[in-house]
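One file, data.cif, carrying mmCIF, C-alpha atoms:
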```cif
data_upload
#
loop_
_atom_site.label_atom_id
_atom_site.label_comp_id
_atom_site.auth_asym_id
_atom_site.auth_seq_id
_atom_site.Cartn_x
_atom_site.Cartn_y
_atom_site.Cartn_z
CA MET H 1 42.44 -105.43 -39.48
CA GLN H 2 40.00 -102.71 -38.44
CA PRO H 3 38.75 -100.38 -41.15
CA VAL H 4 39.48 -96.68 -40.64
CA ASN H 5 36.11 -95.83 -42.11
CA GLU H 6 33.04 -97.64 -43.36
CA MET H 7 29.76 -96.90 -45.12
CA LYS H 8 26.70 -98.91 -46.08
CA LEU H 9 24.21 -98.08 -48.77
CA GLU H 10 21.04 -99.73 -50.01
CA PHE H 11 19.29 -98.89 -53.25
CA LEU H 12 16.81 -100.42 -55.68
CA SER H 13 18.03 -102.51 -58.61
CA LYS H 14 17.20 -99.82 -61.18
CA SER H 15 19.67 -99.12 -63.94
CA SER H 16 19.61 -95.41 -63.13
CA ASN H 17 21.34 -96.36 -59.85
CA GLU H 18 24.42 -97.71 -61.67
CA ALA H 19 25.83 -94.20 -62.03
CA PHE H 20 24.69 -93.31 -58.51
CA ALA H 21 26.50 -96.30 -56.96
CA ARG H 22 29.80 -95.74 -58.76
CA VAL H 23 29.79 -92.02 -57.94
CA VAL H 24 29.08 -92.69 -54.25
CA ALA H 25 31.80 -95.36 -54.04
CA ALA H 26 34.33 -93.07 -55.71
CA ALA H 27 33.41 -90.15 -53.46
CA PHE H 28 33.86 -92.27 -50.34
CA VAL H 29 37.12 -93.83 -51.53
CA SER H 30 38.55 -90.42 -52.42
CA GLN H 31 39.17 -89.89 -48.69
CA LEU H 32 42.23 -92.10 -49.16
CA ASP H 33 43.57 -89.69 -51.76
CA PRO H 34 43.99 -92.22 -54.58
CA THR H 35 45.21 -91.12 -58.01
CA ILE H 36 42.61 -90.16 -60.62
CA GLU H 37 43.41 -93.39 -62.43
CA GLU H 38 42.87 -95.52 -59.33
CA LEU H 39 39.59 -93.79 -58.65
CA ALA H 40 38.43 -94.44 -62.21
CA ASP H 41 39.36 -98.13 -61.77
CA VAL H 42 37.08 -98.29 -58.72
CA ARG H 43 34.26 -96.54 -60.57
CA THR H 44 34.43 -99.00 -63.45
CA ALA H 45 34.57 -102.11 -61.24
CA VAL H 46 31.65 -100.94 -59.07
CA SER H 47 29.61 -100.21 -62.17
CA GLU H 48 30.24 -103.75 -63.46
CA ALA H 49 29.27 -105.38 -60.15
CA VAL H 50 26.10 -103.32 -59.73
CA THR H 51 25.10 -103.92 -63.36
CA ASN H 52 25.51 -107.68 -62.81
CA ALA H 53 23.27 -107.55 -59.73
CA ILE H 54 20.59 -105.68 -61.72
CA ILE H 55 20.69 -107.76 -64.90
CA HIS H 56 21.54 -111.22 -63.58
CA GLY H 57 20.66 -111.12 -59.89
CA TYR H 58 17.23 -109.59 -60.18
CA GLU H 59 16.55 -109.92 -63.93
CA ASP H 60 13.23 -108.13 -64.50
CA MET H 61 12.34 -107.75 -60.84
CA ILE H 62 13.13 -104.85 -58.55
CA GLY H 63 15.10 -105.83 -55.49
CA THR H 64 17.56 -104.27 -53.09
CA ILE H 65 21.27 -103.96 -53.74
CA ARG H 66 23.53 -103.36 -50.79
CA MET H 67 26.96 -101.78 -51.03
CA VAL H 68 29.40 -101.75 -48.13
CA CYS H 69 32.69 -99.86 -48.46
CA ARG H 70 35.46 -100.33 -45.94
CA LEU H 71 38.50 -98.11 -46.03
CA TYR H 72 41.83 -99.18 -44.60
CA GLU H 73 45.08 -97.21 -44.37
CA ARG H 74 45.85 -97.51 -48.11
CA SER H 75 43.24 -99.93 -49.38
CA VAL H 76 39.55 -100.41 -49.94
CA GLU H 77 37.16 -103.31 -49.80
CA ILE H 78 33.80 -102.89 -51.55
CA GLU H 79 31.09 -105.48 -51.08
CA ILE H 80 28.14 -105.46 -53.47
CA SER H 81 25.36 -107.91 -52.72
CA ASP H 82 21.93 -108.82 -53.97
CA GLU H 83 19.29 -111.28 -52.84
CA GLY H 84 18.55 -112.36 -56.37
CA LYS H 85 18.72 -115.64 -58.19
CA GLY H 86 22.37 -116.41 -57.53
CA ILE H 87 24.99 -118.01 -59.76
CA GLU H 88 24.96 -121.77 -60.42
CA ASP H 89 28.52 -121.99 -61.70
CA ILE H 90 30.76 -119.13 -60.52
CA GLU H 91 33.80 -120.36 -62.41
CA GLN H 92 31.89 -120.34 -65.69
CA ALA H 93 30.34 -116.93 -64.95
CA MET H 94 33.81 -115.47 -64.46
CA GLN H 95 35.18 -116.75 -67.77
CA PRO H 96 35.98 -113.91 -70.19
CA LEU H 97 33.27 -113.57 -72.86
CA TYR H 98 30.90 -115.97 -71.09
CA THR H 99 27.41 -114.51 -70.81
CA SER H 100 24.09 -116.05 -69.91
CA LYS H 101 22.36 -113.21 -71.76
CA PRO H 102 23.80 -112.87 -75.29
CA GLU H 103 20.39 -111.72 -76.55
CA MET H 104 20.76 -108.61 -74.39
CA GLU H 105 24.10 -107.84 -76.04
CA ARG H 106 25.97 -108.54 -72.84
CA SER H 107 29.65 -108.90 -73.60
CA GLY H 108 30.48 -111.37 -70.86
CA MET H 109 33.36 -109.15 -69.76
CA GLY H 110 32.02 -107.86 -66.44
CA PHE H 111 34.08 -110.03 -64.10
CA THR H 112 37.14 -109.78 -66.34
CA VAL H 113 36.94 -105.98 -66.20
CA MET H 114 36.54 -106.07 -62.40
CA GLU H 115 39.54 -108.37 -62.07
CA SER H 116 41.71 -106.30 -64.32
CA PHE H 117 40.96 -102.97 -62.62
CA MET H 118 41.01 -104.21 -59.03
CA ASP H 119 43.65 -106.27 -57.16
CA MET H 120 41.26 -109.06 -56.26
CA VAL H 121 37.63 -110.03 -56.78
CA ARG H 122 35.82 -112.53 -54.59
CA VAL H 123 32.43 -113.96 -55.49
CA ARG H 124 30.15 -115.83 -53.14
CA SER H 125 26.79 -117.00 -54.38
CA GLU H 126 24.03 -119.38 -53.58
CA PRO H 127 21.35 -120.20 -56.17
CA GLY H 128 18.03 -118.77 -55.05
CA LYS H 129 19.63 -116.74 -52.26
CA GLY H 130 21.81 -114.13 -53.94
CA THR H 131 25.33 -113.07 -54.76
CA THR H 132 28.01 -111.04 -53.02
CA VAL H 133 30.93 -109.65 -55.00
CA THR H 134 33.81 -108.19 -53.01
CA LEU H 135 36.31 -105.91 -54.73
CA TYR H 136 39.73 -105.22 -53.20
CA LYS H 137 42.25 -102.59 -54.15
CA THR H 138 45.38 -101.16 -52.56
CA PHE H 139 46.35 -97.64 -53.58
CA SER H 140 49.83 -96.43 -54.38
CA SER H 141 51.45 -94.67 -51.44
CA GLU H 142 52.54 -91.62 -53.44
CA ARG H 143 49.80 -89.08 -53.07
CA LYS H 144 48.99 -86.72 -55.88
CA MET P 1 24.65 -89.58 -72.42
CA GLU P 2 24.36 -87.99 -75.82
CA ILE P 3 24.86 -89.28 -79.34
CA ARG P 4 25.43 -87.06 -82.36
CA PHE P 5 25.50 -88.28 -85.93
CA SER P 6 27.32 -86.83 -88.90
CA LYS P 7 28.01 -88.12 -92.37
CA LYS P 8 31.07 -88.03 -94.63
CA GLY P 9 30.21 -89.71 -97.92
CA SER P 10 28.92 -93.15 -97.06
CA THR P 11 30.60 -93.11 -93.64
CA LEU P 12 28.46 -92.46 -90.58
CA ILE P 13 30.22 -90.89 -87.61
CA VAL P 14 28.60 -91.72 -84.29
CA ALA P 15 29.92 -89.37 -81.61
CA PHE P 16 29.18 -90.37 -78.01
CA SER P 17 29.46 -88.04 -75.06
CA GLY P 18 28.88 -88.46 -71.34
CA GLU P 19 28.75 -91.88 -69.70
CA LEU P 20 27.94 -95.12 -71.53
CA ASP P 21 26.77 -97.83 -69.15
CA HIS P 22 24.00 -100.44 -69.08
CA HIS P 23 21.44 -97.73 -68.24
CA PHE P 24 22.11 -95.93 -71.53
CA ALA P 25 23.02 -98.97 -73.65
CA GLU P 26 19.53 -99.60 -74.95
CA TYR P 27 19.01 -95.95 -75.81
CA ALA P 28 22.32 -95.92 -77.66
CA ARG P 29 21.48 -99.13 -79.49
CA ASN P 30 18.09 -97.83 -80.65
CA ARG P 31 19.42 -94.46 -81.76
CA ILE P 32 22.23 -96.01 -83.80
CA GLU P 33 20.07 -98.75 -85.29
CA SER P 34 17.48 -96.30 -86.57
CA GLU P 35 20.22 -94.10 -88.03
CA LEU P 36 21.76 -97.12 -89.76
CA LEU P 37 18.39 -97.93 -91.33
CA LYS P 38 18.09 -94.47 -92.82
CA ALA P 39 20.18 -95.40 -95.87
CA THR P 40 23.42 -94.95 -97.73
CA THR P 41 25.62 -95.83 -94.76
CA ARG P 42 28.43 -98.23 -95.46
CA ASP P 43 31.14 -97.67 -92.90
CA VAL P 44 30.75 -96.45 -89.34
CA ILE P 45 33.13 -94.56 -87.07
CA PHE P 46 32.37 -94.80 -83.37
CA ASP P 47 33.87 -91.67 -81.84
CA LEU P 48 34.26 -92.32 -78.10
CA THR P 49 36.35 -89.18 -77.48
CA GLY P 50 33.54 -87.45 -75.59
CA LEU P 51 32.91 -90.34 -73.20
CA SER P 52 33.97 -89.70 -69.62
CA PHE P 53 32.99 -93.25 -68.64
CA MET P 54 32.33 -96.56 -70.33
CA ASP P 55 32.07 -100.04 -68.82
CA SER P 56 31.60 -103.40 -70.52
CA SER P 57 27.98 -102.55 -71.39
CA GLY P 58 29.46 -100.33 -74.11
CA ILE P 59 31.09 -103.38 -75.71
CA GLY P 60 27.69 -104.90 -76.46
CA VAL P 61 26.56 -101.66 -78.10
CA LEU P 62 29.57 -101.57 -80.42
CA VAL P 63 29.78 -105.28 -81.22
CA GLY P 64 26.02 -105.59 -81.75
CA ARG P 65 26.11 -102.75 -84.31
CA TYR P 66 29.24 -104.19 -85.89
CA ALA P 67 27.35 -107.33 -86.87
CA ASN P 68 24.84 -105.23 -88.82
CA ILE P 69 27.51 -103.08 -90.42
CA ARG P 70 29.35 -106.19 -91.64
CA ARG P 71 26.13 -107.66 -92.98
CA LEU P 72 25.83 -104.61 -95.24
CA GLY P 73 29.45 -104.99 -96.33
CA GLY P 74 30.80 -102.08 -94.32
CA LYS P 75 33.67 -101.54 -91.91
CA ALA P 76 33.81 -100.01 -88.48
CA ALA P 77 36.46 -97.95 -86.71
CA VAL P 78 36.81 -96.55 -83.20
CA ILE P 79 38.17 -93.19 -82.08
CA CYS P 80 39.42 -93.40 -78.51
CA ARG P 81 42.30 -92.06 -76.46
CA ASN P 82 41.00 -92.96 -73.00
CA ARG P 83 43.40 -95.58 -71.62
CA ARG P 84 40.79 -97.35 -69.49
CA ILE P 85 38.21 -97.57 -72.28
CA LEU P 86 40.91 -98.78 -74.68
CA LYS P 87 41.81 -101.52 -72.22
CA ILE P 88 38.16 -102.67 -72.06
CA LEU P 89 37.96 -102.64 -75.88
CA GLU P 90 41.17 -104.60 -76.12
CA MET P 91 40.40 -107.29 -73.58
CA SER P 92 36.97 -107.94 -75.05
CA GLY P 93 38.41 -108.42 -78.53
CA VAL P 94 36.75 -105.34 -80.10
CA LEU P 95 40.09 -104.14 -81.43
CA LYS P 96 40.31 -107.30 -83.51
CA LEU P 97 37.08 -106.27 -85.24
CA MET P 98 37.71 -102.57 -85.70
CA SER P 99 40.79 -100.39 -85.94
CA VAL P 100 41.33 -97.65 -83.42
CA TYR P 101 42.43 -94.12 -84.31
CA ASP P 102 43.18 -90.94 -82.37
CA LYS P 103 41.05 -88.64 -84.52
CA PRO P 104 38.02 -89.04 -86.84
CA ASP P 105 40.08 -87.66 -89.75
CA ASP P 106 42.59 -90.51 -89.40
CA ALA P 107 39.78 -93.05 -89.55
CA LEU P 108 38.15 -91.30 -92.50
CA ARG P 109 41.37 -91.53 -94.47
CA ALA P 110 41.53 -95.27 -93.78
CA LEU P 111 37.94 -96.07 -94.74
CA PRO P 112 37.32 -96.46 -98.47
CA GLY P 113 33.86 -94.91 -98.74
CA ALA P 114 34.60 -91.56 -97.12
#
```

Rewrite the coordinates I just gave you, this time as structure tokens.
Amino acid sequence: MQPVNEMKLEFLSKSSNEAFARVVAAAFVSQLDPTIEELADVRTAVSEAVTNAIIHGYEDMIGTIRMVCRLYERSVEIEISDEGKGIEDIEQAMQPLYTSKPEMERSGMGFTVMESFMDMVRVRSEPGKGTTVTLYKTFSSERK
Amino acid sequence: MEIRFSKKGSTLIVAFSGELDHHFAEYARNRIESELLKATTRDVIFDLTGLSFMDSSGIGVLVGRYANIRRLGGKAAVICRNRRILKILEMSGVLKLMSVYDKPDDALRALPGA
């Protein structure tokens, strides 16, 4: 299926870009006229994915995070990738409450939040190479 | 993000406004910790009413402070009506640690030290 629209964005893994990324994603997705609730779901999931890339992907280093948004008729696909340290065990990382950084007061709920606010979350990762998280959501057809 | 503190008896009310994410989590943590050290606080009410956004980074801020509040024998409560934030609080188990109320007054009535 061909997207009806697409955008790509690259930014540094600085925490001040978490708000920037979720605002940009929401602004782009709003072309599909989602409900306010659906838009807030997207904002929250993007924030979680970008935060993961910053904290876990790059840890204390500054690297580049890439966000690709593809819009379809009534759905969106958002790909957030880093070239950071990668995830050894994806299944474990996605467990609710699992965190590799309890000392930083991380709740271990990032993936669980993404999964609960989006329709589907796909994670691809290679240790030493980086991680790509893809978020999928279909919007209700009633427009408000 | 902004945090305002107020006091009712031995209960500290921590009112958040704006957006609470990882970027502001450390700031929030430091502000609350230094207020908790100031004295005479027993119970804490986290008033999230003014938050327009919170992701799971907010959970760490609340649960981390909760551990210190419990250590001093106090209780914690949350004020929140935002459905999405409530869902995050619920799925992360925060609502098993602290009760949630619609308004600060409701929480104050339920906490013994206020």

Output as a PDB file with C-alpha atoms, in the coordinates of the input the set of chain P residues within 8 Å of chain H, with distances taken over all atoms listed in the file.
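selection.pdb, written as the output of this step:
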```
ATOM      1  CA  ASP P  21      26.770 -97.830 -69.150  1.00  0.00           C
ATOM      2  CA  HIS P  22      24.000-100.440 -69.080  1.00  0.00           C
ATOM      3  CA  HIS P  23      21.440 -97.730 -68.240  1.00  0.00           C
ATOM      4  CA  PHE P  53      32.990 -93.250 -68.640  1.00  0.00           C
ATOM      5  CA  MET P  54      32.330 -96.560 -70.330  1.00  0.00           C
ATOM      6  CA  ASP P  55      32.070-100.040 -68.820  1.00  0.00           C
ATOM      7  CA  SER P  56      31.600-103.400 -70.520  1.00  0.00           C
ATOM      8  CA  SER P  57      27.980-102.550 -71.390  1.00  0.00           C
ATOM      9  CA  ILE P  59      31.090-103.380 -75.710  1.00  0.00           C
ATOM     10  CA  GLY P  60      27.690-104.900 -76.460  1.00  0.00           C
ATOM     11  CA  VAL P  61      26.560-101.660 -78.100  1.00  0.00           C
ATOM     12  CA  GLY P  64      26.020-105.590 -81.750  1.00  0.00           C
ATOM     13  CA  ARG P  84      40.790 -97.350 -69.490  1.00  0.00           C
ATOM     14  CA  ILE P  88      38.160-102.670 -72.060  1.00  0.00           C
ATOM     15  CA  SER P  92      36.970-107.940 -75.050  1.00  0.00           C
TER      16      SER P  92
END
```

Next on the checklist: I'd like the contact shell of stretch 128-131 of chain H - 9 Å cut-off, all atoms listed in the file, skipping same-chain residues fewer than 3 positions apart - returned as a list in words.
Outcome noted: Ala53, Gly57, Tyr58, Ile80, Ser81, Asp82, Glu83, Gly84, Lys85, Gly86, Ile87, Val123, Arg124 and Ser125 of chain H

Checklist entry - What is the distance, in Å and to one decimal place, between atom CA of H:Arg70 and atom CA of H:Val4? => result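 Value for the atom CA of H:Arg70-atom CA of H:Val4 distance: 7.6 Å.
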
Checklist entry - Residues around (29.4, -98.4, -49.4), cut-off 6 Å, counting all atoms listed in the file - what are they as a count of residues only? => result 6

Checklist entry - To one decimal place, how far is atom CA of H:Arg74 from atom CA of P:Arg83 in Å? => result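 So the two atoms, atom CA of H:Arg74 and atom CA of P:Arg83, lie 23.7 Å apart.
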
Checklist entry - If we count only C-alpha atoms, what is near H:Ile36 at a cut-off of 12 Å, once residues fewer than 4 positions away on the same chain are taken out, given as a PyMOL selection string? => result (chain H and resi 26-27+29-30+32+40-43+139-140+143-144) or (chain P and resi 84)

Checklist entry - Hey, which of P:Ile45, P:Ile69, P:Met91, P:Leu97 ends up closest to P:Arg109? Count only C-alpha atoms. => result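 That would be P:Ile45, the residue with the smallest distance to P:Arg109.
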
Item to check | Atom pair atom CA of P:Leu108 / atom CA of P:Lys75: separation (Å) | outcome: 11.2 Å

Checklist entry - If you count only C-alpha atoms, which residues fall within 12 Å of P:Glu2, apart from same-chain ones fewer than 4 positions away, as a VMD selection string? => result chain P and resid 14 to 20 24 to 25 27 to 28 31 to 32 47 to 48 50 to 52
